[in-house]
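Colleague: Mind looking over this structure? Questions follow.
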Amino acid sequence: MMPVTTSQALQRESWDGDTPASGRLLQPGVDVTHGQILYLDDISVSFDGFRALNRLSLSIGVGELRCIIGPNGAGKTTMMDVITGKTRADSGSAFFGQTINLAQHSEAEIAQLGIGRKFQKPTVFEAMTVQENLELALAGPRSVWASLRARLSGQQRDRIDELLTLIRLGEQRARQAGLLSHGQKQWLEIGMLLAQEPQLLLLDEPVAGMTDAETEKTAELLLTLKGRHSLMVVEHDMDFIASIAGKVTVLAEGAVLAEGSLQQVQADERVIEVYLGR
Amino acid sequence: MQTALSLRLATRLGPQPLKLAGGAALAVLLAMPALHLWTDPASSLHVSAYTLTLVGKILCYAIVALAMDLVWGYTGLLSLGHGLFFALGGYGMGMYLMRAIGHDGNYQSDLPDFMVFLDWKTLPWFWQGSEHLAWALCLAVGVPGLLALVFGWLAFRSRIKGVYFSIMTQALTYAAMLLFFRNETGFGGNNGFTDFKRILGYGIAAPGTRATLFLLTVLLLVAALAAGFWLVNSKFGRILTAIRDAESRLMFCGYNPLYYKLFIWVASAMLCGLAGALYVPQVGIINPGEMSPANSIEIAIWVAVGGRGSLIGPVLGAGFINAAKSWFTVAFPEYWLFFLGGLFIATTLFLPRGLLGLLRRHKEKA
Amino acid sequence: MADIKSSQWRYNMLGYAFSGISLGSVLLLAALGLAITYGLLGVINMAHGEMLMIGAYASYVVQNLFRSWWPGAFDAYLLAALPVAFAVTFVIGMALERLIIRHLYGRPLETLLATWGISLMLIQAVRMLFGAQNVEVANPSWLSGGWEITPALTLPYNRLAIIAFVAGVLVLTWLLLNKTRLGLFVRAVTQNRRMADSVGVPTGKVDMLAFGLGSGIAGLGGVALSQIGNVGPELGQGYIVDSFMVVVLGGVGQLAGTVTGAMGLGIVNKILEPSLGAVLGKILILGFIILFIQKRPQGLFALKGRVLD
Ligand SMILES: Nc1ncnc2c1ncn2[C@@H]1O[C@H](COP(=O)(O)OP(=O)(O)OP(=O)(O)O)[C@@H](O)[C@H]1O
Ligand SMILES: [Mg+2]
């Protein structure tokens, strides 16, 4: 897979001093021989005649951090719904790697295959503690039987500690998740995603409601994840995008309008139009 | 870790004084059959057959409330059909008790009286084997379980939840009630089963039988509490609350809620069936009225009043309301429905965590 | 010979269709208000059946008043009962929304339980006021008798009147929902409450009025029921499950769904009844509904929207 070497490790250091490195290899199963982890091809979705996605095509490379921007209602969340199985496409196809047709899998299966998703509105299990939230998300068997006999192993405990440091909620581990601030909930949700060890992370507006400092930390975190995971980040905050972006895709009216570096797309006439035209 | 666990133990089990009260209550319950059997009826310590039956009946209700709480309080599925599972368990046991009457019925026939009355000549196929208590118990647990499995699979698979789920369960118990009211269904129609004579050869109303049934009920309640405790404190239990609070998050964590819901739903139905099987020999009757939607909704209010999402709460609630009911229906029968209705409203409006929540709040203030 | 048979068969079919539509219209009256409030608030009003019952008792009271004060105009009592029943249940409905349901907003399961509590209290209150026995409500003379098509098939006037009445109520409801400002608001809130709220729809008031309206329609239904069946404190209980099934089948947010659901259930019920008996027919229908919502969880006529998931 991608070179995940010293520069990555260094970036991790900069995120938080003493995080133990934990490079995890991609699990077997997803065939990424062509260097792409996600293909959306010609996808359309309509709601009562309204086309939320209109022949959308897009692909994400392995280890890539892709930013998606677009005006409200452009279909960004709907696109994530299609990828994660929440909404079924009316036409077109979505493939995870070369071989996995996402349309044939349920939400839970897609998550198990290695696609993690953070919702636009942060959703964590409010009645549980921060640590319990992470425990539930931790990669492992998902069957009823396993859940009845589950015991936390030492390794899993370490992994939780590691994640807690990473998302800076070490102090809050025994606190009820419902009591966290908005930004902390966002982080917890990101932590839960990481606990799942997905190959592809879909983040819907990860920094909405965060303070500037928190936003900056999040940008750092995402940069450390890049390479080991593939990421798709939807955001409205352009400064944030500027701080993380490699490639940016602009969605408008359910289709890709432009693609390129942030400067490129910002200079694009049509992009300026959809943003200013409303 | 250790503290977190004991903290959780404490909050799940209930406040300290409540635990003491629980221990005391258990001691009293265990003593009751002994007091019934071995004290002089004139003595003030004597527990009458009436009291023993009443308390035994309420304990059965408490088990049902506990089963209900597992699906509603923990998993967020409000069932308005749990009375059906209870009644089916009761009918399963009732079949055995009817067969055990033998030739001592009014018609002195091999067949239960109501069949003779309907002029049936042979036992219907589903009555085969019901002369064995073991098989009847299998039916009492298996039939509710199977019904719950089929219904639950269909409902959860198509993601029916919230009030939709509730009204479908209500329709289910309503339909079953209509079915059991028919004579041709083969379960005694309107009158159901009654006039039992004996169980395993012992007289059904004999003090020893009563005491044994009572003890069994207490044991079942304790076992159900223990199993429930283990269940809700396992990872499985946390997944249940996750289903209640944020089902879609859980799905996107890779869990399929279908199997979790189905497991707890079927387990709960089977527990209700067992409770029903213990209920019928104690009260001596089972009829389709037990399946009326109103009965099932009442179970929900036991749980709500006691405090859902805890294990002790529903037991308390069932005890409190049914004790109140037996008092009201003697003292002020007209006002019982006002009281019950008011309880529904007041609990939902002012006591979302039930009596147990009230106790806890009290303790936190102190 | 064959001719007679086929005409016989046609009359039989006509009879089934008629009794099916008649049952369907009763179900529709019971379910219409329920569908509106369920669509709007996402809550099930378990006391809805009691609104039917109160409507029926309102006609009983009006009938008695006419009998003692205005016997000459007795035949007109039913017309006077309609506004009375509507007003009483409208007010009760609004009060329920204001006093209880509003405070349980966002907790539909608790609302269900609380409204069940209300229904218990209403039943007991009526029992104490009017006794636990059924009361007698007479048909006015113009509703007695029937239209004899053949000696074997008579269509009773009271049934015919109910079908016509339901059609009238339906038209009025449709006009109210589609041609008035309140209706616009109701539809807006049904589709997207938050959005409606943020563009200045007074959602609180809309909820209250719509709840009153739903209850009022049930009250009218009660007047109709008083003409075809027994009037007793438990009258409403017999209708809850059936009217929920209409809502489940028809989906929410569209009158057409409720109408189709009600008529469909009514007619199928009556077709199955002769061969299977009423009970097995009902059970079969329930089984069918459970299977049906496997395919269409949102009902026949679904509003596809984010609000509903
Ligand atoms: N379930 C649904 N029913 C009806 N319309 C829907 C549904 N889901 C999405 N839409 C519509 O589809 C369009 C695209 O929505 P989507 O949420 O994907 O936009 P978005 O790009 O994520 O916007 P935002 O930046 O505001 O989050 C919107 O107009 C929305 O109203
Ligand atoms: Mg969005």
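By order in the structure tokens, chains are A, B, ...; within a chain, residues start at 1; ligands start at 1, following the order shown.
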Please return as a VMD selection string: the residues of stretch 86-308 of chain C that backbone DSSP assigns to strand (DSSP E).

Modeller: chain C and resid 146 to 150 153 to 156

Colleague: Write down, as a PDB file with all heavy atoms, in the first residue's frame, each residue of chain A that has any atom within 12 Å of an atom of chain C, counting only C-alpha atoms.

Modeller:
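Okay, part07.pdb is ready:
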ATOM      1  N   SER A  46     -33.700  10.103  -7.061  1.00  0.00           N
ATOM      2  CA  SER A  46     -34.688  11.181  -6.976  1.00  0.00           C
ATOM      3  C   SER A  46     -35.688  10.921  -5.865  1.00  0.00           C
ATOM      4  O   SER A  46     -35.984   9.781  -5.513  1.00  0.00           O
ATOM      5  CB  SER A  46     -35.361  11.434  -8.305  1.00  0.00           C
ATOM      6  OG  SER A  46     -35.711  10.219  -8.904  1.00  0.00           O
ATOM      7  N   PHE A  47     -36.133  12.031  -5.305  1.00  0.00           N
ATOM      8  CA  PHE A  47     -37.152  11.987  -4.252  1.00  0.00           C
ATOM      9  C   PHE A  47     -38.394  12.665  -4.793  1.00  0.00           C
ATOM     10  O   PHE A  47     -38.383  13.867  -5.031  1.00  0.00           O
ATOM     11  CB  PHE A  47     -36.677  12.740  -3.008  1.00  0.00           C
ATOM     12  CG  PHE A  47     -35.459  12.145  -2.391  1.00  0.00           C
ATOM     13  CD1 PHE A  47     -34.242  12.802  -2.446  1.00  0.00           C
ATOM     14  CD2 PHE A  47     -35.523  10.935  -1.729  1.00  0.00           C
ATOM     15  CE1 PHE A  47     -33.115  12.259  -1.868  1.00  0.00           C
ATOM     16  CE2 PHE A  47     -34.389  10.384  -1.155  1.00  0.00           C
ATOM     17  CZ  PHE A  47     -33.193  11.045  -1.224  1.00  0.00           C
ATOM     18  N   ASP A  48     -39.445  11.892  -4.977  1.00  0.00           N
ATOM     19  CA  ASP A  48     -40.691  12.454  -5.488  1.00  0.00           C
ATOM     20  C   ASP A  48     -40.443  13.356  -6.690  1.00  0.00           C
ATOM     21  O   ASP A  48     -40.904  14.490  -6.737  1.00  0.00           O
ATOM     22  CB  ASP A  48     -41.410  13.246  -4.389  1.00  0.00           C
ATOM     23  CG  ASP A  48     -41.894  12.330  -3.289  1.00  0.00           C
ATOM     24  OD1 ASP A  48     -42.193  11.171  -3.591  1.00  0.00           O
ATOM     25  OD2 ASP A  48     -41.960  12.780  -2.137  1.00  0.00           O
ATOM     26  N   GLY A  49     -39.681  12.853  -7.618  1.00  0.00           N
ATOM     27  CA  GLY A  49     -39.459  13.628  -8.833  1.00  0.00           C
ATOM     28  C   GLY A  49     -38.318  14.617  -8.740  1.00  0.00           C
ATOM     29  O   GLY A  49     -37.815  15.094  -9.756  1.00  0.00           O
ATOM     30  N   PHE A  50     -37.860  14.902  -7.514  1.00  0.00           N
ATOM     31  CA  PHE A  50     -36.751  15.838  -7.385  1.00  0.00           C
ATOM     32  C   PHE A  50     -35.436  15.080  -7.465  1.00  0.00           C
ATOM     33  O   PHE A  50     -35.210  14.140  -6.701  1.00  0.00           O
ATOM     34  CB  PHE A  50     -36.860  16.601  -6.058  1.00  0.00           C
ATOM     35  CG  PHE A  50     -35.652  17.421  -5.746  1.00  0.00           C
ATOM     36  CD1 PHE A  50     -35.465  18.637  -6.373  1.00  0.00           C
ATOM     37  CD2 PHE A  50     -34.683  16.954  -4.860  1.00  0.00           C
ATOM     38  CE1 PHE A  50     -34.343  19.389  -6.106  1.00  0.00           C
ATOM     39  CE2 PHE A  50     -33.561  17.704  -4.595  1.00  0.00           C
ATOM     40  CZ  PHE A  50     -33.390  18.918  -5.216  1.00  0.00           C
ATOM     41  N   THR A  78     -26.628  13.086   0.391  1.00  0.00           N
ATOM     42  CA  THR A  78     -27.295  12.011  -0.339  1.00  0.00           C
ATOM     43  C   THR A  78     -26.271  11.067  -0.952  1.00  0.00           C
ATOM     44  O   THR A  78     -26.455   9.847  -0.952  1.00  0.00           O
ATOM     45  CB  THR A  78     -28.206  12.594  -1.427  1.00  0.00           C
ATOM     46  OG1 THR A  78     -29.054  13.561  -0.834  1.00  0.00           O
ATOM     47  CG2 THR A  78     -29.032  11.522  -2.078  1.00  0.00           C
ATOM     48  N   LYS A  86     -27.730   3.674   2.889  1.00  0.00           N
ATOM     49  CA  LYS A  86     -28.928   4.216   3.536  1.00  0.00           C
ATOM     50  C   LYS A  86     -29.994   4.531   2.493  1.00  0.00           C
ATOM     51  O   LYS A  86     -31.177   4.324   2.724  1.00  0.00           O
ATOM     52  CB  LYS A  86     -28.550   5.483   4.308  1.00  0.00           C
ATOM     53  CG  LYS A  86     -29.697   6.073   5.090  1.00  0.00           C
ATOM     54  CD  LYS A  86     -29.186   7.036   6.155  1.00  0.00           C
ATOM     55  CE  LYS A  86     -30.322   7.541   6.998  1.00  0.00           C
ATOM     56  NZ  LYS A  86     -30.592   8.947   6.815  1.00  0.00           N
ATOM     57  N   THR A  87     -29.543   5.034   1.370  1.00  0.00           N
ATOM     58  CA  THR A  87     -30.456   5.323   0.260  1.00  0.00           C
ATOM     59  C   THR A  87     -30.013   4.452  -0.913  1.00  0.00           C
ATOM     60  O   THR A  87     -28.819   4.248  -1.109  1.00  0.00           O
ATOM     61  CB  THR A  87     -30.342   6.804  -0.145  1.00  0.00           C
ATOM     62  OG1 THR A  87     -30.663   7.599   0.988  1.00  0.00           O
ATOM     63  CG2 THR A  87     -31.285   7.148  -1.278  1.00  0.00           C
TER      64      THR A  87
END

Colleague: Could you name the residues that touch A:Gly85 at 9 Å or less, counting only C-alpha atoms, but leaving out those on the same chain fewer than 5 positions away, as a CSV table (one decimal) with N, CA, C and O atoms, in the first residue's frame?

Modeller:
chain,number,residue,atom,x,y,z
A,80,MET,N,-23.4,10.4,0.3
A,80,MET,CA,-22.9,9.5,1.3
A,80,MET,C,-23.9,8.4,1.7
A,80,MET,O,-23.6,7.3,2.0
A,102,LEU,N,-21.7,-2.1,-3.9
A,102,LEU,CA,-22.3,-1.7,-2.7
A,102,LEU,C,-23.8,-1.8,-2.7
A,102,LEU,O,-24.5,-2.0,-1.6
A,103,ALA,N,-24.4,-1.8,-3.9
A,103,ALA,CA,-25.9,-1.9,-3.9
A,103,ALA,C,-26.4,-3.3,-3.4
A,103,ALA,O,-27.5,-3.4,-3.0
A,104,GLN,N,-25.5,-4.3,-3.3
A,104,GLN,CA,-25.9,-5.6,-2.9
A,104,GLN,C,-25.8,-5.8,-1.4
A,104,GLN,O,-26.0,-6.9,-0.8
A,105,HIS,N,-25.4,-4.7,-0.6
A,105,HIS,CA,-25.1,-4.9,0.8
A,105,HIS,C,-25.9,-4.0,1.6
A,105,HIS,O,-26.3,-2.9,1.2
A,106,SER,N,-26.2,-4.4,2.8
A,106,SER,CA,-27.0,-3.6,3.8
A,106,SER,C,-26.0,-2.6,4.5
A,106,SER,O,-24.8,-2.7,4.4
A,107,GLU,N,-26.6,-1.7,5.2
A,107,GLU,CA,-25.8,-0.7,5.9
A,107,GLU,C,-24.7,-1.3,6.8
A,107,GLU,O,-23.6,-1.0,6.8
A,108,ALA,N,-25.2,-2.3,7.6
A,108,ALA,CA,-24.3,-2.9,8.5
A,108,ALA,C,-23.2,-3.7,7.8
A,108,ALA,O,-22.0,-3.6,8.2
A,110,ILE,N,-22.0,-3.0,4.8
A,110,ILE,CA,-21.1,-2.0,4.2
A,110,ILE,C,-20.1,-1.5,5.3
A,110,ILE,O,-18.9,-1.4,5.0

Colleague: Distance limit 9 Å, atoms considered: only C-alpha atoms. Which chain B residues sit that close to chain C? Return them as number ranges by chain.

Modeller: B: 78, 151, 154-155, 157-160, 162-164, 166-168, 170-172, 174-176, 178-179, 182, 297, 300-301, 334-349, 352

Colleague: From the set A:Asp41, A:Glu189, A:Glu253, A:Asp90, which residue has the shortest atom-to-atom contact distance to chain B, counting only C-alpha atoms?

Modeller: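 Result for the nearest residue to chain B: A:Glu189.
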
Colleague: So which residues of stretch 50-260 of chain A fall under helix (DSSP H, G or I) by DSSP, listed as a ChimeraX atom specification?

Modeller: /A:76-84,102-104,107-113,130-137,144-149,154-166,170-172,177-179,182-195,212-225,238-244

Colleague: Within 10 Å of stretch 59-63 of chain B, counting only C-alpha atoms, which residues qualify if same-chain residues fewer than 5 places away don't, as an NGL selection string?

Modeller: :B and (29 or 53-54 or 68-69 or 83 or 86 or 214 or 217-218 or 220-225 or 268 or 271-272 or 274-280 or 282 or 299 or 302-303 or 312-320 or 322)

Colleague: Could you turn the residues from that selection into a file that holds N, CA, C and O atoms, as a compact mmCIF listing (two decimals), in the first residue's frame?

Modeller:
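Generated output (result.txt):
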# COMPACT_ATOMS: atom_id res chain seq x y z
N LEU B 29 -40.85 -13.08 50.96
CA LEU B 29 -41.48 -13.92 49.94
C LEU B 29 -41.17 -15.40 50.18
O LEU B 29 -42.03 -16.26 50.02
N THR B 53 -52.20 -16.61 46.95
CA THR B 53 -52.55 -16.60 45.53
C THR B 53 -52.39 -15.21 44.95
O THR B 53 -51.86 -15.03 43.85
N LEU B 54 -52.86 -14.21 45.71
CA LEU B 54 -52.77 -12.84 45.22
C LEU B 54 -51.32 -12.45 44.98
O LEU B 54 -50.96 -11.94 43.91
N MET B 68 -41.13 -7.25 29.63
CA MET B 68 -41.53 -6.09 28.85
C MET B 68 -40.45 -5.02 28.88
O MET B 68 -40.13 -4.38 27.88
N ASP B 69 -39.88 -4.85 30.06
CA ASP B 69 -38.86 -3.81 30.21
C ASP B 69 -37.64 -4.09 29.36
O ASP B 69 -37.00 -3.17 28.84
N GLY B 83 -49.26 -9.21 26.59
CA GLY B 83 -50.31 -10.00 27.23
C GLY B 83 -50.60 -11.27 26.44
O GLY B 83 -50.97 -12.30 27.00
N PHE B 86 -48.05 -13.96 27.34
CA PHE B 86 -48.40 -14.42 28.68
C PHE B 86 -49.58 -15.38 28.59
O PHE B 86 -49.55 -16.49 29.14
N PHE B 214 -46.02 -21.19 44.38
CA PHE B 214 -45.58 -19.87 44.80
C PHE B 214 -44.05 -19.80 44.82
O PHE B 214 -43.44 -18.87 44.28
N THR B 217 -42.59 -19.58 41.50
CA THR B 217 -42.73 -18.25 40.92
C THR B 217 -41.64 -17.31 41.44
O THR B 217 -41.03 -16.55 40.69
N VAL B 218 -41.42 -17.39 42.76
CA VAL B 218 -40.37 -16.55 43.33
C VAL B 218 -39.03 -16.89 42.68
O VAL B 218 -38.27 -16.01 42.28
N LEU B 220 -38.48 -18.20 39.75
CA LEU B 220 -38.43 -17.73 38.37
C LEU B 220 -38.14 -16.24 38.33
O LEU B 220 -37.34 -15.77 37.51
N LEU B 221 -38.77 -15.50 39.23
CA LEU B 221 -38.53 -14.06 39.24
C LEU B 221 -37.07 -13.76 39.54
O LEU B 221 -36.43 -12.96 38.86
N VAL B 222 -36.54 -14.45 40.55
CA VAL B 222 -35.14 -14.20 40.90
C VAL B 222 -34.22 -14.59 39.74
O VAL B 222 -33.30 -13.86 39.38
N ALA B 223 -34.53 -15.74 39.13
CA ALA B 223 -33.69 -16.17 38.01
C ALA B 223 -33.79 -15.19 36.86
O ALA B 223 -32.78 -14.86 36.22
N ALA B 224 -35.00 -14.68 36.62
CA ALA B 224 -35.17 -13.73 35.52
C ALA B 224 -34.41 -12.45 35.81
O ALA B 224 -33.78 -11.86 34.92
N LEU B 225 -34.44 -12.03 37.07
CA LEU B 225 -33.69 -10.83 37.43
C LEU B 225 -32.20 -11.04 37.22
O LEU B 225 -31.51 -10.18 36.68
N SER B 268 -37.90 -12.40 25.52
CA SER B 268 -38.91 -11.76 26.36
C SER B 268 -40.25 -12.49 26.24
O SER B 268 -40.93 -12.74 27.25
N LEU B 271 -40.13 -15.72 28.19
CA LEU B 271 -40.22 -15.49 29.63
C LEU B 271 -41.68 -15.22 30.02
O LEU B 271 -42.18 -15.74 31.03
N CYS B 272 -42.37 -14.45 29.20
CA CYS B 272 -43.79 -14.20 29.46
C CYS B 272 -44.57 -15.51 29.45
O CYS B 272 -45.46 -15.71 30.28
N LEU B 274 -43.54 -18.47 30.21
CA LEU B 274 -43.28 -19.19 31.46
C LEU B 274 -44.10 -18.60 32.60
O LEU B 274 -44.69 -19.33 33.40
N ALA B 275 -44.11 -17.26 32.66
CA ALA B 275 -44.87 -16.61 33.72
C ALA B 275 -46.33 -16.98 33.61
O ALA B 275 -47.00 -17.27 34.62
N GLY B 276 -46.84 -17.02 32.38
CA GLY B 276 -48.23 -17.40 32.18
C GLY B 276 -48.49 -18.82 32.65
O GLY B 276 -49.52 -19.12 33.24
N ALA B 277 -47.51 -19.71 32.39
CA ALA B 277 -47.67 -21.10 32.78
C ALA B 277 -47.74 -21.26 34.29
O ALA B 277 -48.39 -22.15 34.81
N LEU B 278 -47.05 -20.38 35.01
CA LEU B 278 -47.12 -20.45 36.46
C LEU B 278 -48.37 -19.76 37.00
O LEU B 278 -48.84 -20.04 38.10
N TYR B 279 -48.87 -18.84 36.22
CA TYR B 279 -50.00 -18.03 36.66
C TYR B 279 -51.29 -18.86 36.69
O TYR B 279 -52.05 -18.83 37.66
N VAL B 280 -51.50 -19.62 35.62
CA VAL B 280 -52.78 -20.31 35.47
C VAL B 280 -53.10 -21.30 36.59
O VAL B 280 -54.19 -21.25 37.14
N GLN B 282 -52.18 -21.15 39.55
CA GLN B 282 -52.40 -20.42 40.80
C GLN B 282 -53.76 -19.73 40.83
O GLN B 282 -54.45 -19.75 41.84
N ILE B 299 -49.58 -3.59 31.08
CA ILE B 299 -48.22 -4.04 31.40
C ILE B 299 -47.24 -2.88 31.21
O ILE B 299 -46.33 -2.67 32.00
N TRP B 302 -47.18 -0.65 34.18
CA TRP B 302 -46.42 -1.18 35.34
C TRP B 302 -44.95 -0.78 35.18
O TRP B 302 -44.31 -0.32 36.12
N VAL B 303 -44.48 -1.01 33.96
CA VAL B 303 -43.06 -0.74 33.71
C VAL B 303 -42.77 0.75 33.84
O VAL B 303 -41.80 1.17 34.48
N ILE B 312 -35.18 -3.44 38.56
CA ILE B 312 -36.04 -3.49 39.74
C ILE B 312 -37.33 -2.72 39.48
O ILE B 312 -38.40 -3.07 39.96
N GLY B 313 -37.21 -1.64 38.71
CA GLY B 313 -38.35 -0.76 38.47
C GLY B 313 -39.63 -1.49 38.09
O GLY B 313 -40.65 -1.35 38.76
N PRO B 314 -39.57 -2.29 37.02
CA PRO B 314 -40.80 -2.94 36.59
C PRO B 314 -41.38 -3.86 37.66
O PRO B 314 -42.61 -3.97 37.78
N VAL B 315 -40.51 -4.50 38.43
CA VAL B 315 -41.00 -5.38 39.48
C VAL B 315 -41.78 -4.55 40.51
O VAL B 315 -42.89 -4.91 40.92
N LEU B 316 -41.17 -3.43 40.89
CA LEU B 316 -41.85 -2.52 41.82
C LEU B 316 -43.17 -2.04 41.25
O LEU B 316 -44.20 -2.04 41.93
N GLY B 317 -43.12 -1.63 39.98
CA GLY B 317 -44.31 -1.08 39.36
C GLY B 317 -45.44 -2.10 39.33
O GLY B 317 -46.58 -1.79 39.67
N ALA B 318 -45.10 -3.31 38.90
CA ALA B 318 -46.13 -4.35 38.82
C ALA B 318 -46.71 -4.60 40.20
O ALA B 318 -47.93 -4.73 40.38
N GLY B 319 -45.85 -4.64 41.20
CA GLY B 319 -46.32 -4.87 42.56
C GLY B 319 -47.22 -3.75 43.03
O GLY B 319 -48.33 -3.97 43.51
N PHE B 320 -46.76 -2.53 42.84
CA PHE B 320 -47.50 -1.38 43.34
C PHE B 320 -48.88 -1.28 42.68
O PHE B 320 -49.91 -1.18 43.35
N ASN B 322 -50.64 -3.48 40.98
CA ASN B 322 -51.59 -4.58 41.19
C ASN B 322 -52.07 -4.64 42.62
O ASN B 322 -53.21 -5.02 42.88

Colleague: Find the residues near ligand 2. Use a cut-off of 9 Å, count only C-alpha atoms and all ligand atoms, and write them as a VMD selection string.

Modeller: chain A and resid 72 to 78 80 119 to 120 204 to 205 234 to 235

Colleague: Would you compute the distance between atom CA of C:Val135 and atom CA of C:Ser59? Give it in Å to one decimal.

Modeller: 10.8 Å

Colleague: Using only C-alpha atoms, I'd like every residue of chain A that has an atom within 7 Å of chain B; please write them out as a PyMOL selection string.

Modeller: chain A and resi 107-109+111-112+116-117+123+125+137+142+144+147-148+150+196

Colleague: Give me the residues near stretch 259-270 of chain C as a VMD selection string, where near means some atom within 8 Å (using only C-alpha atoms) and where sequence neighbours in that chain fewer than 3 positions away do not count.

Modeller: chain C and resid 16 to 17 19 to 25 27 to 28 31 243 246 to 247 249 to 250 255 to 256 273 to 274 278 281 to 282 285 300
